[in-house]
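File shown: upload-v2.cif. Contents: mmCIF, C-alpha atoms.
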data_model
#
loop_
_atom_site.label_atom_id
_atom_site.label_comp_id
_atom_site.auth_asym_id
_atom_site.auth_seq_id
_atom_site.Cartn_x
_atom_site.Cartn_y
_atom_site.Cartn_z
CA MET A 1 -16.38 -51.79 -52.56
CA GLU A 2 -17.53 -55.32 -51.75
CA LEU A 3 -20.49 -55.94 -49.49
CA LYS A 4 -18.30 -57.76 -46.97
CA THR A 5 -15.89 -54.80 -46.76
CA ARG A 6 -18.77 -52.35 -46.28
CA ARG A 7 -20.18 -54.50 -43.46
CA ILE A 8 -16.76 -54.61 -41.73
CA LEU A 9 -16.40 -50.83 -41.95
CA TYR A 10 -19.97 -50.39 -40.73
CA ILE A 11 -19.35 -52.62 -37.71
CA PHE A 12 -16.00 -50.87 -37.05
CA PHE A 13 -17.58 -47.40 -36.91
CA ILE A 14 -20.41 -48.64 -34.70
CA LEU A 15 -17.85 -50.11 -32.28
CA LEU A 16 -15.78 -46.89 -32.44
CA PHE A 17 -18.88 -44.86 -31.65
CA CYS A 18 -19.87 -47.13 -28.79
CA ILE A 19 -16.38 -46.95 -27.27
CA SER A 20 -15.62 -43.25 -27.84
CA THR A 21 -18.99 -41.82 -26.81
CA PRO A 22 -18.74 -42.92 -23.14
CA LEU A 23 -15.11 -41.80 -23.04
CA ILE A 24 -15.99 -38.35 -24.37
CA SER A 25 -18.95 -38.16 -21.97
CA PHE A 26 -16.70 -39.12 -19.05
CA TYR A 27 -14.13 -36.49 -20.10
CA ALA A 28 -16.78 -33.79 -20.55
CA SER A 29 -18.21 -34.63 -17.11
CA GLY A 30 -14.82 -34.23 -15.46
CA TYR A 31 -13.64 -37.84 -15.26
CA LYS A 32 -10.50 -39.49 -16.57
CA PHE A 33 -8.66 -42.82 -16.23
CA SER A 34 -5.88 -42.88 -13.66
CA SER A 35 -3.13 -45.48 -13.30
CA GLY A 36 -4.64 -48.92 -12.98
CA LEU A 37 -7.49 -47.93 -15.31
CA LYS A 38 -9.48 -46.49 -12.42
CA ILE A 39 -12.03 -43.79 -13.22
CA GLN A 40 -11.13 -40.62 -11.34
CA LYS A 41 -13.04 -37.36 -10.83
CA THR A 42 -10.83 -34.45 -11.99
CA GLY A 43 -10.46 -30.87 -10.81
CA ILE A 44 -10.44 -27.42 -12.40
CA LEU A 45 -7.91 -24.59 -12.14
CA ILE A 46 -9.24 -21.06 -12.76
CA VAL A 47 -6.63 -18.32 -13.21
CA ASP A 48 -7.04 -14.56 -13.58
CA THR A 49 -4.26 -11.98 -13.62
CA GLU A 50 -3.66 -8.27 -14.03
CA PRO A 51 -2.49 -7.72 -16.70
CA GLU A 52 -4.09 -10.46 -18.75
CA GLY A 53 -2.32 -12.64 -21.29
CA ALA A 54 0.01 -14.57 -18.97
CA LYS A 55 1.00 -18.18 -19.75
CA ILE A 56 0.38 -21.04 -17.32
CA PHE A 57 2.91 -23.73 -16.41
CA LEU A 58 1.92 -26.81 -14.40
CA ASN A 59 4.85 -28.89 -13.17
CA GLU A 60 7.04 -26.96 -15.64
CA LYS A 61 4.80 -27.88 -18.63
CA ILE A 62 3.20 -25.01 -20.54
CA GLN A 63 -0.56 -25.44 -20.89
CA GLN A 64 -2.30 -25.76 -24.28
CA LYS A 65 -5.72 -26.69 -25.55
CA PHE A 66 -6.10 -30.41 -26.22
CA ILE A 67 -6.47 -29.91 -29.98
CA ASN A 68 -3.25 -27.81 -30.10
CA LYS A 69 -1.38 -30.58 -28.30
CA ILE A 70 -2.61 -33.13 -30.86
CA LEU A 71 -1.73 -30.89 -33.80
CA LYS A 72 1.56 -29.85 -32.14
CA ASN A 73 0.84 -26.15 -32.48
CA ASN A 74 3.74 -25.15 -30.24
CA ASP A 75 3.09 -21.42 -30.66
CA LYS A 76 -0.48 -21.54 -29.31
CA TYR A 77 -0.82 -21.60 -25.51
CA LEU A 78 -3.47 -20.96 -22.91
CA SER A 79 -3.30 -17.48 -21.40
CA THR A 80 -5.12 -15.68 -18.60
CA PRO A 81 -7.96 -15.39 -17.87
CA VAL A 82 -8.37 -19.13 -18.30
CA LYS A 83 -10.16 -22.21 -16.96
CA ILE A 84 -8.10 -25.42 -17.16
CA LYS A 85 -10.28 -28.51 -16.86
CA ASN A 86 -9.72 -32.24 -16.31
CA LEU A 87 -6.69 -31.99 -14.05
CA ALA A 88 -5.86 -35.10 -12.05
CA PRO A 89 -6.09 -34.46 -8.29
CA GLY A 90 -2.80 -33.77 -6.58
CA GLU A 91 -0.20 -31.12 -5.85
CA TYR A 92 1.03 -28.96 -8.72
CA ASP A 93 3.88 -26.52 -9.14
CA VAL A 94 2.05 -23.57 -10.69
CA LYS A 95 3.88 -20.80 -12.51
CA ILE A 96 2.29 -17.78 -14.18
CA SER A 97 4.59 -16.05 -16.62
CA LYS A 98 4.38 -12.98 -18.87
CA GLN A 99 7.26 -11.40 -20.77
CA GLY A 100 8.53 -8.27 -19.06
CA TYR A 101 6.97 -9.20 -15.69
CA TRP A 102 8.10 -11.10 -12.62
CA ASP A 103 6.83 -14.70 -12.44
CA TRP A 104 4.18 -15.81 -9.93
CA GLN A 105 4.87 -19.26 -8.43
CA LYS A 106 3.19 -21.44 -5.83
CA LYS A 107 2.44 -25.08 -4.99
CA LEU A 108 -1.32 -25.69 -5.03
CA MET A 109 -3.57 -28.71 -4.49
CA ILE A 110 -6.09 -29.65 -7.18
CA LYS A 111 -8.92 -31.52 -5.49
CA SER A 112 -11.27 -34.08 -7.01
CA GLY A 113 -14.53 -32.48 -8.20
CA GLU A 114 -13.51 -29.00 -7.05
CA SER A 115 -12.33 -25.75 -8.61
CA THR A 116 -9.10 -24.13 -7.42
CA TYR A 117 -8.93 -20.37 -7.94
CA ILE A 118 -5.92 -18.14 -8.55
CA GLU A 119 -7.49 -14.69 -8.44
CA ASP A 120 -6.37 -11.12 -7.73
CA VAL A 121 -2.87 -11.91 -9.02
CA THR A 122 -1.02 -8.72 -9.90
CA LEU A 123 2.05 -9.27 -12.05
CA PHE A 124 4.73 -6.63 -11.44
CA LYS A 125 6.88 -5.25 -14.22
CA GLN A 126 10.58 -5.91 -14.52
CA ASP A 127 11.68 -2.34 -15.12
CA SER A 128 14.56 0.07 -14.52
CA PRO A 129 13.99 3.28 -12.55
CA MET A 130 14.08 6.69 -14.21
CA THR A 131 15.34 9.85 -12.56
CA LEU A 132 12.69 12.56 -12.27
CA ILE A 133 14.69 15.20 -10.38
CA SER A 134 18.42 15.10 -9.69
CA GLY A 135 19.71 16.44 -6.40
CA LYS A 136 19.57 15.84 -2.65
CA TYR A 137 15.75 15.87 -2.42
CA LYS A 138 15.57 13.97 0.84
CA TYR A 139 12.32 15.55 2.08
CA GLN A 140 9.31 14.55 0.01
CA SER A 141 5.59 14.03 0.46
CA ILE A 142 2.69 12.89 -1.72
CA SER A 143 -0.55 14.90 -1.86
CA TYR A 144 -3.83 13.56 -0.43
CA ASN A 145 -5.18 12.89 -3.92
CA LYS A 146 -1.89 11.13 -4.82
CA GLU A 147 -1.46 13.30 -7.91
CA TYR A 148 1.55 15.38 -6.82
CA ILE A 149 4.83 14.87 -5.00
CA SER A 150 6.57 17.82 -3.40
CA ALA A 151 10.26 17.56 -2.60
CA PHE A 152 12.81 19.84 -0.94
CA ALA A 153 16.56 20.07 -1.12
CA ASN A 154 18.73 22.60 0.69
CA ASP A 155 18.68 24.97 -2.28
CA LYS A 156 15.52 24.13 -4.27
CA TYR A 157 11.93 22.95 -4.20
CA GLY A 158 10.40 20.58 -6.77
CA ILE A 159 6.85 19.58 -7.64
CA ILE A 160 6.07 16.48 -9.74
CA ASN A 161 2.70 16.00 -11.46
CA LEU A 162 2.21 12.24 -11.34
CA ASN A 163 -0.45 12.29 -14.07
CA ASN A 164 1.87 13.59 -16.78
CA ASN A 165 5.36 13.58 -15.18
CA ILE A 166 5.64 17.36 -15.63
CA ILE A 167 8.29 18.62 -13.20
CA LYS A 168 8.80 22.15 -11.93
CA THR A 169 11.67 23.29 -9.76
CA PHE A 170 12.09 26.55 -7.87
CA PRO A 171 15.33 27.83 -6.30
CA ILE A 172 15.57 28.50 -2.57
CA SER A 173 18.16 31.13 -1.79
CA ALA A 174 19.85 30.47 1.53
CA SER A 175 20.45 34.19 2.04
CA THR A 176 16.94 35.45 1.25
CA SER A 177 14.51 32.57 1.75
CA PRO A 178 12.78 32.06 5.13
CA ILE A 179 12.65 28.31 4.44
CA GLN A 180 15.19 26.36 6.43
CA ILE A 181 15.51 22.67 5.63
CA LEU A 182 16.25 20.95 8.91
CA SER A 183 16.92 17.31 9.77
CA ASN A 184 13.37 17.02 11.19
CA SER A 185 11.64 18.97 8.41
CA GLU A 186 8.18 17.65 7.51
CA ILE A 187 6.06 18.49 4.46
CA LYS A 188 2.32 18.81 5.19
CA TRP A 189 -0.20 19.11 2.35
CA SER A 190 -3.48 20.98 2.71
CA ARG A 191 -6.59 18.86 2.17
CA ASP A 192 -7.37 20.64 -1.11
CA ASN A 193 -3.91 19.65 -2.44
CA LYS A 194 -3.11 23.28 -3.31
CA LYS A 195 -0.76 24.36 -0.51
CA ILE A 196 2.20 22.99 1.39
CA LEU A 197 3.27 23.69 4.94
CA ILE A 198 6.97 23.14 5.62
CA ASN A 199 8.27 24.25 9.02
CA ASN A 200 6.81 27.77 9.37
CA ILE A 201 6.27 28.54 5.66
CA ILE A 202 3.20 27.96 3.44
CA LEU A 203 3.83 27.61 -0.30
CA ASP A 204 1.58 27.47 -3.32
CA ALA A 205 2.17 23.83 -4.29
CA LYS A 206 2.14 24.43 -8.05
CA THR A 207 4.03 27.72 -8.33
CA GLY A 208 6.40 27.58 -5.35
CA GLU A 209 5.24 31.06 -4.30
CA ILE A 210 5.48 31.79 -0.58
CA LYS A 211 1.92 32.49 0.61
CA ASN A 212 2.50 32.88 4.35
CA ASN A 213 5.49 33.26 6.66
CA ILE A 214 3.82 32.08 9.87
CA LYS A 215 6.47 33.15 12.37
CA LYS A 216 6.74 36.56 10.72
CA GLU A 217 2.95 36.99 10.90
CA ILE A 218 2.44 35.57 14.41
CA GLY A 219 5.78 35.60 16.21
CA ASP A 220 8.79 33.42 16.86
CA ASN A 221 7.53 31.70 19.99
CA ILE A 222 5.32 29.10 18.25
CA LYS A 223 5.70 25.39 17.50
CA ASN A 224 4.00 22.32 16.04
CA ILE A 225 2.17 24.09 13.23
CA LYS A 226 -0.53 21.97 11.57
CA TRP A 227 -3.36 22.41 9.11
CA ALA A 228 -6.80 22.89 10.61
CA GLU A 229 -9.69 21.00 9.04
CA ASP A 230 -10.26 23.76 6.49
CA ASN A 231 -7.59 24.85 4.01
CA ASN A 232 -7.34 28.47 5.15
CA SER A 233 -6.47 27.97 8.82
CA ILE A 234 -3.70 26.43 10.88
CA LEU A 235 -3.35 25.29 14.48
CA TYR A 236 -0.25 25.95 16.56
CA LEU A 237 1.09 25.93 20.09
CA ASP A 238 2.69 28.81 21.93
CA GLU A 239 4.10 28.67 25.47
CA ASN A 240 0.73 28.10 27.11
CA ASN A 241 -2.11 27.74 24.62
CA LEU A 242 -3.39 25.92 21.57
CA ASN A 243 -4.37 28.50 18.97
CA LYS A 244 -6.05 28.76 15.59
CA TYR A 245 -4.84 31.22 12.94
CA ASN A 246 -6.82 32.27 9.85
CA LEU A 247 -4.43 32.65 6.92
CA VAL A 248 -6.77 35.03 5.06
CA SER A 249 -7.88 37.40 7.82
CA LYS A 250 -4.55 36.91 9.65
CA ARG A 251 -6.28 36.66 13.01
CA SER A 252 -5.54 34.26 15.88
CA GLU A 253 -7.86 32.88 18.53
CA VAL A 254 -7.16 30.75 21.58
CA ILE A 255 -8.76 27.29 21.37
CA VAL A 256 -7.40 25.77 24.61
CA LYS A 257 -5.86 27.78 27.43
CA ASN A 258 -3.00 26.16 29.35
CA ALA A 259 -2.99 23.25 26.92
CA ALA A 260 0.00 21.51 28.57
CA THR A 261 0.48 19.36 25.48
CA ASN A 262 3.13 18.57 22.90
CA ASP A 263 0.73 17.34 20.22
CA PHE A 264 -2.84 17.70 18.97
CA CYS A 265 -4.96 16.86 15.94
CA TYR A 266 -8.14 17.79 14.11
CA PHE A 267 -10.42 14.77 13.71
CA ASN A 268 -14.04 14.64 12.47
CA GLY A 269 -14.77 18.25 13.35
CA ALA A 270 -13.22 18.19 16.83
CA ILE A 271 -9.77 18.98 18.22
CA TYR A 272 -7.97 16.41 20.38
CA ILE A 273 -5.02 17.05 22.65
CA MET A 274 -2.91 14.91 24.99
CA LYS A 275 -2.96 16.86 28.26
CA ARG A 276 -0.42 15.99 30.95
CA ASN A 277 -1.03 15.83 34.66
CA HIS A 278 1.26 14.55 37.39
CA PHE A 279 0.71 10.81 36.92
CA SER A 280 -0.94 10.25 33.53
CA VAL A 281 -1.90 11.83 30.22
CA ASN A 282 -5.51 12.64 29.40
CA LEU A 283 -6.95 12.49 25.90
CA ILE A 284 -9.14 15.59 25.69
CA LYS A 285 -11.79 16.37 23.06
CA ILE A 286 -12.56 20.03 22.34
CA ASN A 287 -15.49 21.39 20.36
CA PRO A 288 -13.93 24.31 18.40
CA LYS A 289 -17.07 26.45 18.65
CA GLU A 290 -17.95 25.90 22.30
CA LYS A 291 -14.31 25.36 23.36
CA LYS A 292 -15.56 22.90 25.94
CA GLU A 293 -13.17 20.16 27.11
CA ASN A 294 -14.27 16.54 27.46
CA ASN A 295 -11.97 13.87 28.92
CA ILE A 296 -12.09 10.77 26.68
CA LEU A 297 -9.36 8.49 28.06
CA ASN A 298 -6.46 8.33 30.52
CA LEU A 299 -3.16 6.86 29.34
CA PRO A 300 0.11 6.10 31.17
CA PHE A 301 2.47 9.04 31.58
CA SER A 302 4.64 9.37 28.45
CA ASP A 303 5.15 11.54 25.35
CA TYR A 304 2.43 10.87 22.76
CA SER A 305 1.87 11.95 19.18
CA PHE A 306 -1.10 11.66 16.83
CA LEU A 307 -0.54 9.69 13.65
CA THR A 308 -3.06 11.23 11.26
CA ARG A 309 -4.66 8.63 9.03
CA ASP A 310 -7.84 8.58 6.92
CA ASN A 311 -9.81 6.04 8.91
CA ASN A 312 -12.40 5.96 11.70
CA TYR A 313 -9.97 5.94 14.62
CA LEU A 314 -7.57 8.19 16.43
CA ASN A 315 -4.07 6.75 16.21
CA VAL A 316 -2.11 7.75 19.32
CA TYR A 317 1.53 6.68 19.36
CA ASP A 318 3.98 6.30 22.21
CA GLU A 319 7.29 6.39 20.35
CA ALA A 320 9.45 5.76 23.42
CA HIS A 321 7.71 2.43 24.08
CA GLU A 322 6.63 1.74 20.45
CA ILE A 323 2.97 1.35 21.43
CA LEU A 324 0.00 2.28 19.22
CA TYR A 325 -3.35 3.09 20.83
CA ILE A 326 -6.32 2.75 18.44
CA ILE A 327 -9.12 4.89 19.85
CA ASN A 328 -12.75 5.41 18.92
CA PRO A 329 -13.46 8.78 20.58
CA ASN A 330 -17.20 8.52 19.87
CA SER A 331 -17.63 5.35 21.94
CA PRO A 332 -19.06 6.33 25.36
CA PHE A 333 -18.19 3.03 27.08
CA LYS A 334 -14.98 1.71 25.55
CA PRO A 335 -13.10 4.32 23.53
CA LEU A 336 -9.84 2.32 23.56
CA ARG A 337 -10.40 -0.15 20.73
CA GLU A 338 -6.97 -1.80 20.74
CA THR A 339 -3.40 -1.49 22.01
CA LEU A 340 -0.57 -2.83 19.82
CA SER A 341 3.06 -3.05 20.88
CA ASN A 342 6.39 -3.23 19.05
CA ILE A 343 5.30 -0.92 16.21
CA LYS A 344 7.40 1.46 14.12
CA LEU A 345 5.36 1.92 10.91
CA ILE A 346 1.62 1.78 10.18
CA ASN A 347 -0.56 1.90 7.08
CA TRP A 348 -4.33 1.39 7.28
CA ILE A 349 -5.75 -1.01 4.68
CA ASN A 350 -9.34 -0.11 5.54
CA ASN A 351 -11.21 0.90 8.69
CA GLU A 352 -10.77 -2.53 10.27
CA LYS A 353 -7.41 -3.80 8.98
CA LEU A 354 -4.00 -2.37 9.79
CA LEU A 355 -0.70 -3.09 8.03
CA TYR A 356 2.17 -2.43 10.43
CA ALA A 357 5.85 -3.15 10.86
CA ASN A 358 8.52 -3.20 13.51
CA LYS A 359 12.22 -3.22 12.74
CA HIS A 360 12.29 -6.70 11.14
CA GLU A 361 8.67 -7.91 10.76
CA ILE A 362 5.53 -6.99 8.81
CA TRP A 363 2.09 -7.84 10.21
CA ILE A 364 -1.59 -7.39 9.46
CA TYR A 365 -3.99 -6.85 12.36
CA ASP A 366 -7.75 -7.39 11.97
CA LEU A 367 -9.72 -5.35 14.50
CA ASN A 368 -12.89 -7.39 14.07
CA SER A 369 -11.34 -10.81 14.65
CA ARG A 370 -8.51 -9.43 16.84
CA LYS A 371 -6.16 -11.57 14.79
CA ASN A 372 -2.49 -10.81 14.08
CA THR A 373 -1.00 -12.30 10.90
CA LEU A 374 2.76 -12.32 10.27
CA LEU A 375 3.56 -11.64 6.60
CA THR A 376 7.36 -11.77 6.71
CA ARG A 377 10.37 -11.63 8.99
CA ILE A 378 13.69 -10.42 7.54
CA SER A 379 17.18 -9.66 8.80
CA GLN A 380 17.40 -6.18 7.25
CA GLU A 381 15.66 -3.19 8.80
CA ILE A 382 12.26 -2.30 7.32
CA LYS A 383 12.14 1.40 6.42
CA GLY A 384 8.73 1.84 4.77
CA ILE A 385 5.41 0.04 4.09
CA ILE A 386 2.61 0.84 1.62
CA TRP A 387 -0.64 -0.94 0.83
CA HIS A 388 -1.20 -1.59 -2.89
CA PRO A 389 -4.63 -0.57 -4.35
CA SER A 390 -5.14 -4.11 -5.71
CA ASN A 391 -5.91 -5.00 -2.05
CA ASN A 392 -3.81 -8.15 -2.23
CA TYR A 393 -0.26 -6.81 -1.93
CA ALA A 394 1.96 -4.76 0.34
CA ILE A 395 5.06 -2.88 -0.80
CA TYR A 396 7.96 -2.42 1.59
CA ASN A 397 11.55 -1.25 1.47
CA THR A 398 14.80 -1.92 3.29
CA PRO A 399 17.73 0.57 3.15
CA ASN A 400 18.57 -0.47 -0.43
CA SER A 401 15.77 -2.67 -1.87
CA ILE A 402 12.02 -2.56 -2.59
CA TYR A 403 9.84 -5.69 -2.35
CA SER A 404 6.24 -6.70 -2.98
CA ILE A 405 4.55 -9.30 -0.80
CA GLU A 406 1.34 -11.08 -1.75
CA LEU A 407 -1.37 -11.93 0.80
CA ASP A 408 -2.35 -15.30 -0.70
CA ASN A 409 -0.98 -17.53 2.05
CA ARG A 410 -1.51 -20.89 0.35
CA GLU A 411 1.86 -22.69 0.65
CA LYS A 412 3.78 -19.40 1.11
CA TYR A 413 3.61 -15.63 0.70
CA ASN A 414 5.11 -14.70 -2.65
CA ILE A 415 7.80 -12.04 -2.17
CA ILE A 416 9.42 -10.33 -5.17
CA LYS A 417 12.42 -8.03 -5.04
CA LEU A 418 11.43 -5.21 -7.39
CA ILE A 419 14.70 -3.26 -7.35
CA THR A 420 18.01 -2.82 -5.52
CA LEU A 421 20.00 0.44 -5.40
CA ASP A 422 22.65 1.96 -3.14
CA THR A 423 20.08 3.88 -1.08
CA ILE A 424 16.27 3.91 -1.02
CA GLN A 425 14.17 6.24 1.16
CA ASN A 426 10.60 7.57 1.41
CA ILE A 427 8.72 5.22 -0.92
CA GLU A 428 5.37 6.50 -2.29
CA LEU A 429 2.80 4.86 -4.58
CA ASP A 430 0.44 6.65 -6.99
CA LYS A 431 -3.32 6.22 -6.62
CA ASN A 432 -3.62 3.40 -9.18
CA GLY A 433 -0.59 1.50 -7.91
CA ASP A 434 1.13 1.75 -11.29
CA ASN A 435 4.29 3.58 -10.23
CA LEU A 436 6.59 3.80 -7.22
CA TYR A 437 8.41 7.03 -6.30
CA PHE A 438 11.35 7.27 -3.93
CA TYR A 439 14.56 9.08 -3.12
CA SER A 440 17.65 7.11 -4.09
CA LYS A 441 21.36 7.35 -4.58
CA ALA A 442 22.92 5.09 -7.22
CA GLY A 443 26.63 5.72 -7.59
CA GLU A 444 27.10 9.45 -8.14
CA GLN A 445 23.49 9.95 -9.25
CA GLU A 446 20.88 10.87 -6.63
CA GLY A 447 17.39 12.32 -6.64
CA ILE A 448 13.72 11.38 -6.89
CA TYR A 449 13.17 8.22 -8.97
CA LYS A 450 10.14 6.63 -10.62
CA LEU A 451 9.78 2.86 -11.00
CA SER A 452 6.96 1.55 -13.20
CA ILE A 453 5.53 -1.64 -11.64
CA GLN A 454 2.24 -2.08 -13.56
#
Please rewrite the model in this file as structure tokens.
Amino acid sequence: MELKTRRILYIFFILLFCISTPLISFYASGYKFSSGLKIQKTGILIVDTEPEGAKIFLNEKIQQKFINKILKNNDKYLSTPVKIKNLAPGEYDVKISKQGYWDWQKKLMIKSGESTYIEDVTLFKQDSPMTLISGKYKYQSISYNKEYISAFANDKYGIINLNNNIIKTFPISASTSPIQILSNSEIKWSRDNKKILINNIILDAKTGEIKNNIKKEIGDNIKNIKWAEDNNSILYLDENNLNKYNLVSKRSEVIVKNAATNDFCYFNGAIYIMKRNHFSVNLIKINPKEKKENNILNLPFSDYSFLTRDNNYLNVYDEAHEILYIINPNSPFKPLRETLSNIKLINWINNEKLLYANKHEIWIYDLNSRKNTLLTRISQEIKGIIWHPSNNYAIYNTPNSIYSIELDNREKYNIIKLITLDTIQNIELDKNGDNLYFYSKAGEQEGIYKLSIQ
């Protein structure tokens, strides 16, 4: 090679180095040239999903590493979790996609010199439901530990182990069984998840064996049977009194004489009743040992019921007027924490946030900020609401469809229709949020179904 040629190449590489080094430094520092050759500070998009491995589309273009773009490796793409750097500021159509799952889509702003986060994104499976038990199992309930579902039909009882999908069914003979499935039948689990109270009968949850026939042991003139705080006692009303019955010793004791109430509940070691007088209803607290009554609050005259929930408040509901009273019975000065109207369904997210619905709307209420947030308004009637354990989604159903709604309110709330069938009732979610369970009728097939969503 001639000396002149070597000098030209030498000068060329020096110039290339001098030009490329600042450009690479600018790019590495988050700058790029915009139209008009202006230097512009870029932004970053950080995406994380459950499950991982989802592809990212920005303005309908799948995202790749720079080197893969240059080499045209069309089978190598960025996938979550991922940090996408050097994005020009502006609005982007973002889509997160994974095979076998519903897409996540939203318009987001990428700002100069800032990071935009897409976190806590749960991708839901596109799946078909499977029948667990066939039959008219319209009365079902999930255990406190969310490991079992009990279900009743007119002629049989079923128990589903949600950990392994093992199903047991037991016949109920109409001529010999004391269990009568009524239109208002309610299944009540004991706190230890071992027994079930349905109407006036207590069953062993796993074997279907009848443990106690309450009316046969106590008498016919009783109503509103509930579990006491322990697993071996129940509370019930007779004509005049509120009583406690020990299922082992088979002995009753009067807790409140002349209770004058339709409903009561056990809460944090005390019993609460709604006691009527001529012009109002008094919320009364009773210490079970001392049996001393303490008036907590006066409410307008109406019929009230206790909605038992695992949180720090009493939930007193006026069904006739669709009003929920949230009460802290341990507050000496202001026990009534909040009053919410136009409510049909509730589900506590935590001790300070409530998910609730009326006939056509779903809301979240924050007790600390006293803020109501509307999640959605639909034309169909809302039949059920559940909070997802990911803490960023709610699940709800209409008469024939199940939806998920995300709480990220940037641009819009993402709503996904998970399934549509002829009939959907009594939706339940397992403890990890992986599977939905519900009663459904699809054509001639009906029963308890499972839908895998995670």
- Item | Separation of atom CA of A:Arg251 from atom CA of A:Ile273 in Å | 21.9 Å
- Item | Residues matched by the PyMOL selection byres ((chain A and resi 169) around 6), written as a ChimeraX atom specification | /A:157-158,168,170
Evaluate the PyMOL selection byres ((chain A and resi 198) around 6) here and jot the selected residues down as a tab-separated table (two decimals) with C-alpha atoms, keeping the file's coordinate frame.
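File produced: expr33.tsv:
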chain	number	residue	atom	x	y	z
A	186	GLU	CA	8.18	17.65	7.51
A	187	ILE	CA	6.06	18.49	4.46
A	197	LEU	CA	3.27	23.69	4.94
A	199	ASN	CA	8.27	24.25	9.02
A	200	ASN	CA	6.81	27.77	9.37
A	201	ILE	CA	6.27	28.54	5.66
- Task: Please determine the residues with any atom at most 7 Å from (-4.1, 13.6, 21.7) (coordinates as given in the file, with only C-alpha atoms counting) and report them as a list in words.
- Result: Asp263, Phe264, Cys265, Tyr272, Ile273, Met274, Leu283, Ile284, Ser305, Phe306 and Val316 of chain A
- Might you spell out which residues the PyMOL selection byres ((chain A and resi 383) around 7) would select in the displayed file, as a PyMOL selection string? chain A and resi 381-382+384+397-399
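For the pair atom CA of A:Asn262 and atom CA of A:Ile346, the separation is 21.1 Å.
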- Which value, in Å to one decimal, gives the distance between atom CA of A:Ile118 and atom CA of A:Leu355?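 Interatomic distance here is 23.0 Å.
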- Excluding A:Asn351 and any residue of its chain fewer than 6 positions from it, enumerate the residues within 10 Å of it, using only C-alpha atoms, and give them as a ChimeraX atom specification. /A:310-313,366-367
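Closest approach to A:Glu293 among A:Ile419, A:Ile166, A:Val94, A:Ile271: A:Ile271, based on only C-alpha atoms.
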- Task: Fewer than 3 positions away in the same chain doesn't count, so skip those; otherwise give me all residues within 7 Å of A:Thr420, counting all atoms listed in the file, as a PyMOL selection string.
- Result: chain A and resi 400-402
- For A:Asp220, please output as a list in words all residues within 10 Å (counting only C-alpha atoms; exclusion window: fewer than 4 positions along the same chain).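 In the requested form, the answer reads Asn200, Ile214, Lys215, Lys216 and Asp238 of chain A.
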- So which one's closest to A:Trp104, A:Ser252, A:Pro51, A:Leu123, A:Ser302? Using only C-alpha atoms, please.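 For A:Trp104, the nearest of the given residues is A:Leu123.
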List the neighbours of A:Lys136 out to 10 Å using only C-alpha atoms; skip same-chain residues closer than 6 positions along the sequence, and give me the result as a compact mmCIF listing (two decimals) with C-alpha atoms, keeping the file's coordinate frame.
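Saved file result.txt follows:
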# COMPACT_ATOMS: atom_id res chain seq x y z
CA ALA A 151 10.26 17.56 -2.60
CA PHE A 152 12.81 19.84 -0.94
CA ALA A 153 16.56 20.07 -1.12
CA ASN A 154 18.73 22.60 0.69
CA ASP A 155 18.68 24.97 -2.28
CA LYS A 156 15.52 24.13 -4.27
CA TYR A 439 14.56 9.08 -3.12
CA SER A 440 17.65 7.11 -4.09
CA LYS A 441 21.36 7.35 -4.58
CA GLN A 445 23.49 9.95 -9.25
CA GLU A 446 20.88 10.87 -6.63
CA GLY A 447 17.39 12.32 -6.64
CA ILE A 448 13.72 11.38 -6.89
- Which neighbours of stretch 78-93 of chain A fall inside 6 Å, counting all atoms listed in the file, when residues of the same chain fewer than 3 positions from it are skipped, and could you give them as number ranges by chain? A: 30, 42-48, 52-55, 58-59, 63-64, 107-112
- Enumerate, as an MDAnalysis selection string, the protein, DNA and RNA residues whose atoms approach (0.6, 6.3, -4.8) to within 12 Å, taking into account all atoms listed in the file and the coordinate frame of the file. chainID A and resid 141:149 161:163 385:390 395 426:438 450:453
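For the residues A:Leu307, A:Ile362, A:Leu297, A:Ile133, ranking by smallest atom-to-atom distance to A:Pro332 using only C-alpha atoms places A:Leu297 first.
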Fix up stretch 262-268 of chain A with N, CA and C atoms, then write it as an mmCIF file, in the coordinates of the input.
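Saved to selection.cif:
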data_model
loop_
_atom_site.group_PDB
_atom_site.id
_atom_site.type_symbol
_atom_site.label_atom_id
_atom_site.label_comp_id
_atom_site.auth_asym_id
_atom_site.auth_seq_id
_atom_site.Cartn_x
_atom_site.Cartn_y
_atom_site.Cartn_z
ATOM 1 N N ASN A 262 2.143 18.489 23.970
ATOM 2 C CA ASN A 262 3.130 18.570 22.900
ATOM 3 C C ASN A 262 2.513 18.317 21.530
ATOM 4 N N ASP A 263 1.322 17.673 21.514
ATOM 5 C CA ASP A 263 0.730 17.340 20.220
ATOM 6 C C ASP A 263 -0.791 17.428 20.293
ATOM 7 N N PHE A 264 -1.391 17.546 19.101
ATOM 8 C CA PHE A 264 -2.840 17.700 18.970
ATOM 9 C C PHE A 264 -3.212 17.291 17.554
ATOM 10 N N CYS A 265 -4.510 17.141 17.302
ATOM 11 C CA CYS A 265 -4.960 16.860 15.940
ATOM 12 C C CYS A 265 -6.399 17.283 15.755
ATOM 13 N N TYR A 266 -6.754 17.530 14.504
ATOM 14 C CA TYR A 266 -8.140 17.790 14.110
ATOM 15 C C TYR A 266 -8.698 16.479 13.587
ATOM 16 N N PHE A 267 -9.867 16.053 14.103
ATOM 17 C CA PHE A 267 -10.420 14.770 13.710
ATOM 18 C C PHE A 267 -11.944 14.831 13.750
ATOM 19 N N ASN A 268 -12.579 14.654 12.578
ATOM 20 C CA ASN A 268 -14.040 14.640 12.470
ATOM 21 C C ASN A 268 -14.704 15.838 13.139
#
